[in-house]
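Note: the block below is run-v2.cif and it holds mmCIF, C-alpha atoms (C1' of nucleotides).
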```cif
data_data
#
loop_
_atom_site.label_atom_id
_atom_site.label_comp_id
_atom_site.auth_asym_id
_atom_site.auth_seq_id
_atom_site.Cartn_x
_atom_site.Cartn_y
_atom_site.Cartn_z
CA MET A 1 -34.78 2.65 19.81
CA ASN A 2 -31.78 4.16 21.51
CA GLN A 3 -29.89 7.05 19.95
CA SER A 4 -26.58 5.20 20.03
CA ASP A 5 -28.30 2.19 18.47
CA ARG A 6 -29.39 4.38 15.60
CA ARG A 7 -25.83 5.58 15.16
CA LEU A 8 -24.82 1.95 14.92
CA GLU A 9 -27.47 1.37 12.27
CA VAL A 10 -26.03 4.18 10.18
CA SER A 11 -22.55 2.80 10.68
CA GLU A 12 -23.62 -0.68 9.66
CA ALA A 13 -25.26 0.69 6.54
CA ALA A 14 -21.97 2.40 5.77
CA TRP A 15 -20.19 -0.94 6.22
CA ARG A 16 -22.47 -2.62 3.72
CA VAL A 17 -21.89 0.10 1.15
CA ILE A 18 -18.14 -0.02 1.71
CA VAL A 19 -18.02 -3.79 1.22
CA ARG A 20 -20.28 -3.67 -1.81
CA GLU A 21 -19.13 -0.51 -3.59
CA GLY A 22 -15.88 0.63 -2.04
CA LEU A 23 -15.05 3.34 0.46
CA ASP A 24 -14.67 6.18 -2.02
CA ARG A 25 -18.14 5.52 -3.38
CA THR A 26 -19.60 5.49 0.11
CA SER A 27 -21.22 8.91 0.02
CA MET A 28 -23.70 10.33 2.49
CA ARG A 29 -26.43 9.80 -0.05
CA ALA A 30 -25.40 6.20 -0.70
CA ILE A 31 -25.50 5.42 3.02
CA ALA A 32 -28.93 7.03 3.36
CA GLN A 33 -30.23 5.06 0.40
CA GLU A 34 -28.80 1.85 1.89
CA MET A 35 -31.00 2.32 4.96
CA SER A 36 -33.93 3.51 2.86
CA CYS A 37 -34.08 7.06 4.13
CA THR A 38 -32.61 10.45 3.29
CA THR A 39 -29.38 12.19 4.16
CA GLY A 40 -31.24 14.01 6.92
CA VAL A 41 -30.85 10.93 9.09
CA VAL A 42 -27.15 10.62 8.44
CA THR A 43 -26.38 14.25 9.14
CA HIS A 44 -28.55 14.17 12.24
CA TYR A 45 -26.50 11.45 13.90
CA PHE A 46 -23.10 12.48 12.65
CA ARG A 47 -21.75 16.01 12.63
CA ASN A 48 -19.90 15.37 9.36
CA LYS A 49 -18.54 12.59 7.21
CA GLN A 50 -15.21 12.40 8.96
CA GLU A 51 -16.95 11.66 12.24
CA LEU A 52 -19.00 8.95 10.56
CA ILE A 53 -15.97 7.42 8.88
CA LEU A 54 -14.05 7.44 12.15
CA PHE A 55 -16.94 5.84 14.00
CA ALA A 56 -17.23 3.09 11.40
CA LEU A 57 -13.50 2.49 11.65
CA HIS A 58 -13.70 2.16 15.43
CA GLN A 59 -16.35 -0.49 14.95
CA VAL A 60 -13.71 -2.65 13.28
CA ALA A 61 -11.53 -2.66 16.39
CA GLU A 62 -14.61 -3.03 18.56
CA ARG A 63 -15.77 -6.15 16.77
CA LEU A 64 -12.29 -7.64 16.80
CA HIS A 65 -12.09 -7.06 20.54
CA VAL A 66 -15.38 -8.87 21.05
CA LEU A 67 -14.17 -11.80 18.98
CA MET A 68 -10.94 -11.98 20.93
CA GLU A 69 -12.61 -11.85 24.32
CA ARG A 70 -14.89 -14.63 23.22
CA ALA A 71 -11.85 -16.69 22.25
CA VAL A 72 -10.11 -16.00 25.55
CA ALA A 73 -13.00 -17.45 27.50
CA GLU A 74 -13.12 -20.72 25.63
CA GLN A 75 -9.62 -22.12 25.69
CA SER A 76 -6.40 -22.22 27.70
CA GLY A 77 -2.67 -22.51 27.10
CA CYS A 78 -1.23 -22.22 23.60
CA ASP A 79 -4.60 -23.18 22.17
CA ARG A 80 -6.00 -20.01 23.65
CA LEU A 81 -3.32 -17.95 21.90
CA VAL A 82 -4.19 -19.63 18.63
CA ALA A 83 -7.90 -19.02 19.24
CA MET A 84 -7.25 -15.35 19.94
CA LEU A 85 -5.20 -14.93 16.80
CA SER A 86 -7.82 -16.78 14.80
CA SER A 87 -10.16 -13.87 15.49
CA PHE A 88 -8.35 -12.03 12.72
CA LEU A 89 -8.62 -14.79 10.14
CA PRO A 90 -11.55 -14.40 7.72
CA ILE A 91 -12.97 -17.83 8.47
CA ASP A 92 -16.61 -16.79 8.56
CA GLN A 93 -18.72 -14.14 6.91
CA GLU A 94 -18.49 -11.63 9.75
CA ARG A 95 -14.72 -11.79 9.84
CA GLN A 96 -14.56 -11.50 6.05
CA GLU A 97 -16.62 -8.35 6.28
CA ILE A 98 -14.41 -6.96 9.01
CA LEU A 99 -11.35 -7.67 6.89
CA ARG A 100 -12.73 -5.93 3.84
CA VAL A 101 -13.72 -2.82 5.76
CA TRP A 102 -10.40 -2.82 7.55
CA VAL A 103 -8.46 -3.05 4.29
CA ALA A 104 -10.58 -0.34 2.71
CA PHE A 105 -9.83 1.98 5.61
CA LEU A 106 -6.16 1.10 5.57
CA GLY A 107 -5.86 2.00 1.91
CA TYR A 108 -7.85 5.14 2.56
CA ALA A 109 -5.42 6.06 5.35
CA VAL A 110 -2.46 6.14 2.97
CA GLY A 111 -1.65 9.82 2.62
CA ARG A 112 -3.77 10.66 5.67
CA GLU A 113 -1.44 10.52 8.61
CA ALA A 114 -4.11 11.33 11.19
CA LEU A 115 -6.25 8.42 10.07
CA MET A 116 -3.23 6.13 9.92
CA ALA A 117 -2.48 7.11 13.51
CA ASP A 118 -5.98 5.99 14.41
CA HIS A 119 -5.28 2.64 12.79
CA GLN A 120 -2.10 2.37 14.81
CA GLN A 121 -3.98 3.13 18.01
CA SER A 122 -6.43 0.28 17.39
CA ALA A 123 -3.68 -2.08 16.33
CA GLY A 124 -1.70 -1.16 19.41
CA GLU A 125 -4.56 -2.05 21.72
CA LEU A 126 -5.05 -5.42 20.07
CA ARG A 127 -1.30 -5.96 20.28
CA GLN A 128 -1.38 -5.35 24.02
CA VAL A 129 -3.82 -8.21 24.47
CA ILE A 130 -1.48 -10.54 22.60
CA ILE A 131 1.53 -9.35 24.57
CA GLN A 132 -0.29 -10.03 27.82
CA GLU A 133 -1.16 -13.52 26.68
CA LEU A 134 2.45 -14.21 25.67
CA VAL A 135 3.69 -13.03 29.07
CA THR A 136 1.22 -15.33 30.79
CA LEU A 137 2.25 -18.30 28.67
CA GLN A 138 5.89 -17.53 29.37
CA THR A 139 5.24 -17.47 33.11
CA GLN A 140 3.60 -20.85 32.79
CA LYS A 141 6.64 -22.01 30.80
CA MET A 142 4.44 -23.01 27.89
CA ILE A 143 6.54 -20.95 25.47
CA ARG A 144 10.29 -20.47 25.48
CA SER A 145 11.87 -17.93 27.79
CA ASP A 146 14.07 -16.43 25.07
CA ILE A 147 10.99 -15.10 23.30
CA ASN A 148 10.41 -11.37 23.55
CA PRO A 149 6.64 -10.94 23.94
CA GLU A 150 6.67 -7.42 22.52
CA ILE A 151 8.47 -8.47 19.37
CA GLU A 152 6.70 -11.81 19.02
CA SER A 153 3.31 -10.10 19.22
CA ASN A 154 4.19 -8.10 16.12
CA VAL A 155 5.29 -11.23 14.28
CA LEU A 156 2.15 -13.13 15.23
CA LEU A 157 -0.10 -10.28 14.17
CA ALA A 158 1.88 -9.92 10.97
CA LEU A 159 1.29 -13.58 10.22
CA VAL A 160 -2.48 -13.50 10.78
CA ASN A 161 -2.80 -10.21 8.90
CA GLY A 162 -0.85 -11.66 6.02
CA LEU A 163 -2.89 -14.85 6.03
CA SER A 164 -6.03 -12.73 5.99
CA LEU A 165 -4.83 -10.69 3.04
CA ASP A 166 -4.05 -13.93 1.24
CA THR A 167 -7.77 -14.58 0.91
CA LEU A 168 -8.16 -11.23 -0.86
CA ILE A 169 -5.15 -11.05 -3.16
CA GLN A 170 -4.52 -14.65 -4.12
CA SER A 171 -6.77 -16.56 -6.46
CA GLN A 172 -5.02 -19.81 -5.44
CA ARG A 173 -5.62 -19.00 -1.83
CA LEU A 174 -5.19 -20.96 1.36
CA SER A 175 -8.23 -22.70 2.77
CA ALA A 176 -9.39 -21.89 6.28
CA LYS A 177 -7.83 -25.16 7.44
CA GLN A 178 -4.52 -24.39 5.76
CA GLN A 179 -4.49 -20.99 7.42
CA ALA A 180 -5.10 -22.63 10.77
CA ILE A 181 -2.28 -25.10 10.17
CA ALA A 182 0.14 -22.33 9.24
CA LEU A 183 -0.74 -20.42 12.40
CA GLN A 184 -0.56 -23.53 14.57
CA ARG A 185 2.82 -24.43 13.13
CA HIS A 186 4.24 -21.04 13.97
CA VAL A 187 2.89 -21.12 17.51
CA ASN A 188 4.29 -24.62 17.97
CA GLY A 189 7.67 -23.16 17.13
CA LEU A 190 7.38 -21.04 20.26
CA ARG A 191 7.14 -24.05 22.55
CA PRO A 192 10.11 -25.14 24.68
CA SER A 193 12.28 -27.78 22.97
CA MET B 1 11.86 11.49 -24.96
CA ASN B 2 10.04 8.29 -25.78
CA GLN B 3 6.23 8.13 -25.69
CA SER B 4 6.23 5.23 -23.25
CA ASP B 5 8.73 7.07 -21.08
CA ARG B 6 6.33 9.96 -20.88
CA ARG B 7 3.59 7.60 -19.80
CA LEU B 8 5.89 6.42 -17.06
CA GLU B 9 6.45 10.02 -15.98
CA VAL B 10 2.72 10.54 -15.62
CA SER B 11 2.43 7.30 -13.69
CA GLU B 12 5.26 8.27 -11.36
CA ALA B 13 3.64 11.62 -10.73
CA ALA B 14 0.48 9.73 -9.84
CA TRP B 15 2.48 7.60 -7.43
CA ARG B 16 3.83 10.65 -5.66
CA VAL B 17 0.35 12.13 -5.27
CA ILE B 18 -1.02 8.81 -4.01
CA VAL B 19 1.70 8.47 -1.38
CA ARG B 20 1.38 12.10 -0.31
CA GLU B 21 -2.38 12.69 -0.50
CA GLY B 22 -4.11 9.34 -0.88
CA LEU B 23 -5.60 7.58 -3.88
CA ASP B 24 -9.04 9.16 -3.72
CA ARG B 25 -7.49 12.63 -3.84
CA THR B 26 -5.36 11.69 -6.81
CA SER B 27 -7.35 13.49 -9.47
CA MET B 28 -6.35 14.16 -13.04
CA ARG B 29 -5.74 17.76 -12.11
CA ALA B 30 -3.63 16.83 -9.09
CA ILE B 31 -1.45 14.58 -11.22
CA ALA B 32 -1.03 17.29 -13.84
CA GLN B 33 -0.10 19.81 -11.18
CA GLU B 34 2.41 17.35 -9.70
CA MET B 35 4.27 17.32 -13.01
CA SER B 36 3.81 21.05 -13.50
CA CYS B 37 1.58 20.90 -16.51
CA THR B 38 -2.10 20.71 -17.34
CA THR B 39 -4.58 17.88 -17.67
CA GLY B 40 -4.05 17.96 -21.41
CA VAL B 41 -0.88 15.94 -20.92
CA VAL B 42 -2.57 13.34 -18.75
CA THR B 43 -5.51 12.83 -21.06
CA HIS B 44 -3.20 12.65 -24.05
CA TYR B 45 -1.28 9.67 -22.72
CA PHE B 46 -4.16 7.88 -21.04
CA ARG B 47 -7.57 7.33 -22.57
CA ASN B 48 -9.25 7.74 -19.18
CA LYS B 49 -8.55 7.57 -15.48
CA GLN B 50 -9.17 3.87 -15.17
CA GLU B 51 -6.46 3.17 -17.72
CA LEU B 52 -4.08 5.41 -15.79
CA ILE B 53 -4.93 3.81 -12.46
CA LEU B 54 -4.45 0.35 -13.92
CA PHE B 55 -1.13 1.31 -15.45
CA ALA B 56 0.09 2.71 -12.16
CA LEU B 57 -0.99 -0.48 -10.42
CA HIS B 58 0.91 -2.62 -12.89
CA GLN B 59 4.00 -0.59 -12.08
CA VAL B 60 3.83 -1.97 -8.54
CA ALA B 61 4.13 -5.55 -9.75
CA GLU B 62 6.72 -4.47 -12.32
CA ARG B 63 8.97 -2.91 -9.69
CA LEU B 64 8.58 -5.89 -7.39
CA HIS B 65 9.58 -8.19 -10.20
CA VAL B 66 12.71 -6.16 -10.84
CA LEU B 67 13.61 -6.27 -7.16
CA MET B 68 13.11 -10.03 -7.03
CA GLU B 69 15.17 -10.69 -10.14
CA ARG B 70 17.94 -8.62 -8.66
CA ALA B 71 17.79 -10.73 -5.51
CA VAL B 72 17.84 -13.98 -7.47
CA ALA B 73 21.10 -13.06 -9.12
CA GLU B 74 22.96 -12.28 -5.92
CA GLN B 75 22.49 -15.28 -3.67
CA SER B 76 21.96 -19.02 -3.65
CA GLY B 77 20.22 -21.67 -1.55
CA CYS B 78 17.92 -20.67 1.25
CA ASP B 79 19.60 -17.28 1.42
CA ARG B 80 18.35 -16.62 -2.05
CA LEU B 81 14.79 -17.41 -1.00
CA VAL B 82 15.14 -15.00 1.90
CA ALA B 83 16.59 -12.37 -0.41
CA MET B 84 13.68 -12.79 -2.82
CA LEU B 85 11.11 -12.47 -0.08
CA SER B 86 12.94 -9.46 1.32
CA SER B 87 11.99 -7.64 -1.86
CA PHE B 88 8.58 -7.15 -0.31
CA LEU B 89 9.81 -5.77 3.00
CA PRO B 90 9.82 -1.96 3.20
CA ILE B 91 13.48 -1.75 4.16
CA ASP B 92 14.34 1.20 1.96
CA GLN B 93 12.50 4.23 0.62
CA GLU B 94 11.62 2.68 -2.74
CA ARG B 95 10.06 -0.36 -1.13
CA GLN B 96 8.18 1.81 1.36
CA GLU B 97 6.74 3.74 -1.55
CA ILE B 98 5.76 0.54 -3.32
CA LEU B 99 4.07 -0.70 -0.17
CA ARG B 100 2.04 2.46 0.30
CA VAL B 101 0.85 2.52 -3.28
CA TRP B 102 0.07 -1.18 -3.12
CA VAL B 103 -1.98 -0.78 0.05
CA ALA B 104 -3.79 2.21 -1.37
CA PHE B 105 -4.76 0.20 -4.44
CA LEU B 106 -5.75 -2.80 -2.38
CA GLY B 107 -8.11 -0.72 -0.26
CA TYR B 108 -9.41 0.91 -3.41
CA ALA B 109 -10.09 -2.54 -4.87
CA VAL B 110 -12.49 -3.45 -2.05
CA GLY B 111 -15.90 -3.35 -3.68
CA ARG B 112 -14.35 -3.40 -7.15
CA GLU B 113 -14.07 -7.01 -8.13
CA ALA B 114 -12.43 -6.34 -11.48
CA LEU B 115 -9.63 -4.38 -9.86
CA MET B 116 -9.25 -6.99 -7.14
CA ALA B 117 -8.88 -9.61 -9.86
CA ASP B 118 -6.04 -7.53 -11.27
CA HIS B 119 -4.38 -7.59 -7.87
CA GLN B 120 -4.76 -11.33 -7.78
CA GLN B 121 -3.20 -11.66 -11.19
CA SER B 122 -0.10 -9.75 -10.09
CA ALA B 123 0.09 -11.61 -6.80
CA GLY B 124 -0.26 -14.89 -8.62
CA GLU B 125 2.70 -14.13 -10.90
CA LEU B 126 4.90 -13.24 -7.95
CA ARG B 127 3.72 -16.39 -6.21
CA GLN B 128 4.83 -18.49 -9.18
CA VAL B 129 8.38 -17.22 -8.79
CA ILE B 130 8.39 -18.26 -5.14
CA ILE B 131 6.90 -21.66 -5.95
CA GLN B 132 9.60 -22.26 -8.54
CA GLU B 133 12.29 -21.37 -6.03
CA LEU B 134 10.78 -23.71 -3.43
CA VAL B 135 10.71 -26.56 -5.93
CA THR B 136 14.34 -25.94 -6.76
CA LEU B 137 15.34 -25.90 -3.10
CA GLN B 138 13.41 -29.08 -2.55
CA THR B 139 15.19 -30.81 -5.42
CA GLN B 140 18.48 -29.77 -3.86
CA LYS B 141 17.20 -31.14 -0.54
CA MET B 142 17.76 -27.80 1.15
CA ILE B 143 14.19 -27.75 2.44
CA ARG B 144 12.11 -30.64 3.73
CA SER B 145 10.36 -32.93 1.27
CA ASP B 146 7.05 -32.81 3.17
CA ILE B 147 6.65 -29.16 2.29
CA ASN B 148 4.07 -28.33 -0.36
CA PRO B 149 5.58 -25.52 -2.46
CA GLU B 150 2.19 -24.22 -3.57
CA ILE B 151 0.91 -23.90 -0.03
CA GLU B 152 4.18 -22.75 1.48
CA SER B 153 4.46 -19.97 -1.10
CA ASN B 154 1.21 -18.52 0.22
CA VAL B 155 2.41 -18.73 3.80
CA LEU B 156 5.72 -17.08 2.98
CA LEU B 157 4.05 -14.29 1.06
CA ALA B 158 1.54 -13.88 3.87
CA LEU B 159 4.39 -13.47 6.32
CA VAL B 160 6.26 -10.83 4.34
CA ASN B 161 3.04 -9.00 3.52
CA GLY B 162 2.10 -9.02 7.18
CA LEU B 163 5.53 -7.85 8.22
CA SER B 164 5.27 -5.06 5.68
CA LEU B 165 1.90 -3.96 6.98
CA ASP B 166 3.35 -3.94 10.48
CA THR B 167 5.41 -0.90 9.54
CA LEU B 168 2.25 0.92 8.59
CA ILE B 169 -0.22 -0.03 11.31
CA GLN B 170 1.93 -0.47 14.40
CA SER B 171 3.48 2.46 16.21
CA GLN B 172 5.67 0.02 18.18
CA ARG B 173 6.79 -1.56 14.98
CA LEU B 174 9.47 -4.07 14.11
CA SER B 175 12.81 -2.75 12.93
CA ALA B 176 14.15 -3.83 9.56
CA LYS B 177 16.50 -6.18 11.37
CA GLN B 178 13.71 -7.71 13.44
CA GLN B 179 11.68 -8.25 10.29
CA ALA B 180 14.65 -10.00 8.70
CA ILE B 181 15.09 -12.19 11.77
CA ALA B 182 11.42 -13.18 11.76
CA LEU B 183 11.61 -14.11 8.08
CA GLN B 184 14.88 -15.96 8.50
CA ARG B 185 13.48 -17.89 11.46
CA HIS B 186 10.51 -19.05 9.43
CA VAL B 187 12.64 -20.13 6.49
CA ASN B 188 14.98 -21.99 8.85
CA GLY B 189 11.94 -23.95 9.96
CA LEU B 190 11.69 -25.30 6.42
CA ARG B 191 15.15 -26.89 6.55
CA PRO B 192 15.56 -30.65 6.99
CA SER B 193 15.96 -31.69 10.62
"C1'" DA C 1 10.45 26.22 -45.93
"C1'" DA C 2 5.96 24.04 -45.90
"C1'" DT C 3 3.18 20.69 -44.08
"C1'" DT C 4 1.83 17.28 -41.15
"C1'" DA C 5 1.68 15.23 -36.72
"C1'" DA C 6 2.41 15.14 -31.84
"C1'" DA C 7 2.19 17.42 -27.59
"C1'" DT C 8 0.23 20.53 -24.50
"C1'" DA C 9 -3.10 24.15 -22.96
"C1'" DT C 10 -7.65 25.90 -22.14
"C1'" DA C 11 -12.29 25.78 -21.33
"C1'" DA C 12 -16.75 24.02 -20.78
"C1'" DC C 13 -19.91 20.08 -19.59
"C1'" DA C 14 -22.81 17.43 -16.55
"C1'" DA C 15 -22.56 14.58 -12.54
"C1'" DC C 16 -21.47 14.07 -7.95
"C1'" DT C 17 -19.71 15.49 -3.40
"C1'" DG C 18 -20.19 17.28 1.75
"C1'" DT C 19 -22.31 20.73 4.06
"C1'" DT C 20 -25.90 23.63 5.61
"C1'" DA C 21 -30.36 25.70 6.28
"C1'" DT C 22 -35.02 25.18 6.58
"C1'" DG C 23 -39.50 22.54 6.76
"C1'" DA C 24 -42.19 18.91 8.18
"C1'" DT C 25 -43.42 15.16 11.20
"C1'" DA C 26 -43.24 12.25 15.12
"C1'" DA C 27 -42.17 11.56 20.08
"C1'" DA C 28 -41.63 12.98 24.56
"C1'" DT C 29 -42.42 16.01 28.26
"C1'" DT C 30 -44.85 19.13 30.91
"C1'" DA D 1 -53.87 18.90 25.54
"C1'" DA D 2 -50.04 22.03 24.75
"C1'" DT D 3 -45.43 22.55 24.06
"C1'" DT D 4 -41.07 21.36 23.43
"C1'" DT D 5 -37.72 18.34 21.54
"C1'" DA D 6 -35.98 14.71 18.58
"C1'" DT D 7 -36.17 12.83 14.21
"C1'" DC D 8 -36.31 12.91 9.40
"C1'" DA D 9 -37.15 15.09 4.57
"C1'" DT D 10 -36.09 18.42 1.10
"C1'" DA D 11 -33.57 21.61 -1.25
"C1'" DA D 12 -29.99 24.59 -2.34
"C1'" DC D 13 -24.94 25.83 -2.11
"C1'" DA D 14 -20.29 25.89 -3.74
"C1'" DG D 15 -16.58 22.90 -4.85
"C1'" DT D 16 -14.57 18.95 -7.23
"C1'" DT D 17 -14.57 15.30 -10.42
"C1'" DG D 18 -13.77 12.80 -15.16
"C1'" DT D 19 -14.58 13.62 -19.68
"C1'" DT D 20 -14.66 15.94 -24.01
"C1'" DA D 21 -13.89 19.30 -27.58
"C1'" DT D 22 -11.17 22.71 -29.34
"C1'" DA D 23 -7.08 25.85 -29.56
"C1'" DT D 24 -2.32 26.53 -29.46
"C1'" DT D 25 2.28 25.38 -29.55
"C1'" DT D 26 6.16 22.40 -30.53
"C1'" DA D 27 8.37 18.68 -33.15
"C1'" DA D 28 8.92 15.81 -37.13
"C1'" DT D 29 8.62 14.96 -41.88
"C1'" DT D 30 8.56 15.98 -46.49
#
```
Would you mind writing the structure in this file as structure tokens?
Amino acid sequence: MNQSDRRLEVSEAAWRVIVREGLDRTSMRAIAQEMSCTTGVVTHYFRNKQELILFALHQVAERLHVLMERAVAEQSGCDRLVAMLSSFLPIDQERQEILRVWVAFLGYAVGREALMADHQQSAGELRQVIIQELVTLQTQKMIRSDINPEIESNVLLALVNGLSLDTLIQSQRLSAKQQAIALQRHVNGLRPS
Amino acid sequence: MNQSDRRLEVSEAAWRVIVREGLDRTSMRAIAQEMSCTTGVVTHYFRNKQELILFALHQVAERLHVLMERAVAEQSGCDRLVAMLSSFLPIDQERQEILRVWVAFLGYAVGREALMADHQQSAGELRQVIIQELVTLQTQKMIRSDINPEIESNVLLALVNGLSLDTLIQSQRLSAKQQAIALQRHVNGLRPS
DNA sequence: AATTAAATATAACAACTGTTATGATAAATT
DNA sequence: AATTTATCATAACAGTTGTTATATTTAATT
């Protein structure tokens, strides 16, 4: 077993504790217990908790990137844009887990400007991928020319983030299909008339 | 000074600490220090921390309700719907504060199903107001008849929630005006063709 | 003015936290 | 096989936490 693989194991144990018990109850000891060992392992692979927390946070962006790249390969045109944006929607268990960890970190970043800046960095990178896709679609005249890709990327991400949160905060929530329809409808509004 | 007013003072002090230092660093002692007194005050007005946290959370929904009612009174038609939904957008300092506290609580609720259910309760009440407004607009034929108010309310709230989060997680974020345009554009899409 | 109640202060409690140092064990290298 | 290194376990440290009990002060009531 690789050293970086072991770091990932620790991080994944942290994820499970976060999802199950909440970020503030995710102590070094809780993580160690989750992977059935002692805190010696945790401290051996991470200098301190902040480094561990930051690593686990980066895994969120990492996983989202993988999901997006997978979506890029499968489709084309506006459908590809929809597929990319669907990476953020909690339509399967993995994406639900990502969402929960992401929300936990976001709440944790309130009052911690450095951590919030880290969130912004990740979000900015994901935004760049969307911008690039919008530019491509615009070149192919598959979306209107009066659309500003930089602005529209924010709106699109806002929509999928909001739809994702819906599954957490609403008891009468949208189904996966209804989420897809809402996203599709918005993207259709970008098409030339 | 009323007893319930004093409870509000404690809650507001908690809000300030949450916004400034984060929810997990909002201890009883930190709250007491924020209002320049000792923990005796805090424990006198709240049985325990959970009760205080819950009270502070309810203040989020309370303030949002006030903002929405204010918006209802001022406008009419689709503009009124936009005004109501704008209550959630962090366009002034009060709403930015509400957003931060709300996000902090939401992240804190991950892994705490009881607290998440409380979030859902609040969100559900706000959703009802939007549903009612959509039904009214539909009766007046100001929005299309094929729109399902229950579903559309979720989409609209998802959009404004997402736009709100944009101001937190994006460094290249939308301006208040761009947020308003995005919301207006979506609502315009609900009009009869 | 005396008494009761409310409001606030102080202090101590046990539980938990991240960090660190130090042993012990396993793996890898020579 | 000997030695070094990586891995993991254990334990102790000081600091913080929510809670609780008990004073002390202020306000209200009689």
- Message: Please check the contacts: residues of chain A at most 6 Å away from chain B, using only C-alpha atoms, listed as a ChimeraX atom specification.
- Response: /A:19-22,103-104,107,110-111,119-120,158-159,161-163,169-171
Go ahead and save the picked residues with C-alpha atoms, as a PDB file, in the frame of the given file.
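selection.pdb, freshly written:
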```pdb
ATOM      1  CA  VAL A  19     -18.020  -3.790   1.220  1.00  0.00           C
ATOM      2  CA  ARG A  20     -20.280  -3.670  -1.810  1.00  0.00           C
ATOM      3  CA  GLU A  21     -19.130  -0.510  -3.590  1.00  0.00           C
ATOM      4  CA  GLY A  22     -15.880   0.630  -2.040  1.00  0.00           C
ATOM      5  CA  VAL A 103      -8.460  -3.050   4.290  1.00  0.00           C
ATOM      6  CA  ALA A 104     -10.580  -0.340   2.710  1.00  0.00           C
ATOM      7  CA  GLY A 107      -5.860   2.000   1.910  1.00  0.00           C
ATOM      8  CA  VAL A 110      -2.460   6.140   2.970  1.00  0.00           C
ATOM      9  CA  GLY A 111      -1.650   9.820   2.620  1.00  0.00           C
ATOM     10  CA  HIS A 119      -5.280   2.640  12.790  1.00  0.00           C
ATOM     11  CA  GLN A 120      -2.100   2.370  14.810  1.00  0.00           C
ATOM     12  CA  ALA A 158       1.880  -9.920  10.970  1.00  0.00           C
ATOM     13  CA  LEU A 159       1.290 -13.580  10.220  1.00  0.00           C
ATOM     14  CA  ASN A 161      -2.800 -10.210   8.900  1.00  0.00           C
ATOM     15  CA  GLY A 162      -0.850 -11.660   6.020  1.00  0.00           C
ATOM     16  CA  LEU A 163      -2.890 -14.850   6.030  1.00  0.00           C
ATOM     17  CA  ILE A 169      -5.150 -11.050  -3.160  1.00  0.00           C
ATOM     18  CA  GLN A 170      -4.520 -14.650  -4.120  1.00  0.00           C
ATOM     19  CA  SER A 171      -6.770 -16.560  -6.460  1.00  0.00           C
TER      20      SER A 171
END
```
- For the atom pair CA of Ser87 (chain B) and CA of Pro149 (chain A), what is the interatomic distance in Å to one decimal place?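 The value is 26.6 Å.
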- Message: Report, in Å to a single decimal, how far apart CA of Thr38 (chain B) and C1' of DA28 (chain D) are.
- Response: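 Between these atoms lies a distance of 23.2 Å.
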Give me, as a tab-separated table, each residue of chain D that comes within 8 Å of chain A, together with its shortest interatomic pair and the distance in Å at one decimal, counting all atoms listed in the file, with rows ordered by chain and rising residue number.
```
residue	atom	partner	partner_atom	distance
D:DT7	C1'	A:Val41	CA	7.6
D:DC8	C1'	A:Gly40	CA	5.8
D:DA9	C1'	A:Gly40	CA	6.5
```
- Note on the structure: The distance between CA of Arg191 (chain A) and CA of Gln138 (chain A) is 9.5 Å
- Test item: residues at most 12 Å from region 4-18 of chain C, all atoms listed in the file, excluding those fewer than 5 positions along its chain, as number ranges by chain: A: 24-30, 39, 42-43, 47-50; B: 1-3, 6, 32, 36-45; D: 13-30
- Evaluate the PyMOL selection byres ((chain D and resi 2-5) around 8) and record the selected residues as a ChimeraX atom specification, following the chain and residue labels used in the document. /C:28-30 /D:1,6
- Message: When you look at DT22 (chain C) with a cut-off of 10 Å (counting all atoms listed in the file), what residues show up, excluding the ones that are within fewer than 2 positions of it in the same chain? I need them as a PyMOL selection string.
- Response: (chain C and resi 20+24) or (chain D and resi 10-11)
Each side padded by 8 Å, which centre and which edge lengths in Å (one decimal) define the axis-aligned box around the listed atoms of region 12-22 of chain D? Give them as lines of an AutoDock Vina configuration file.
```
center_x = -20.6
center_y = 19.3
center_z = -15.7
size_x = 34.8
size_y = 29.1
size_z = 43.2
```
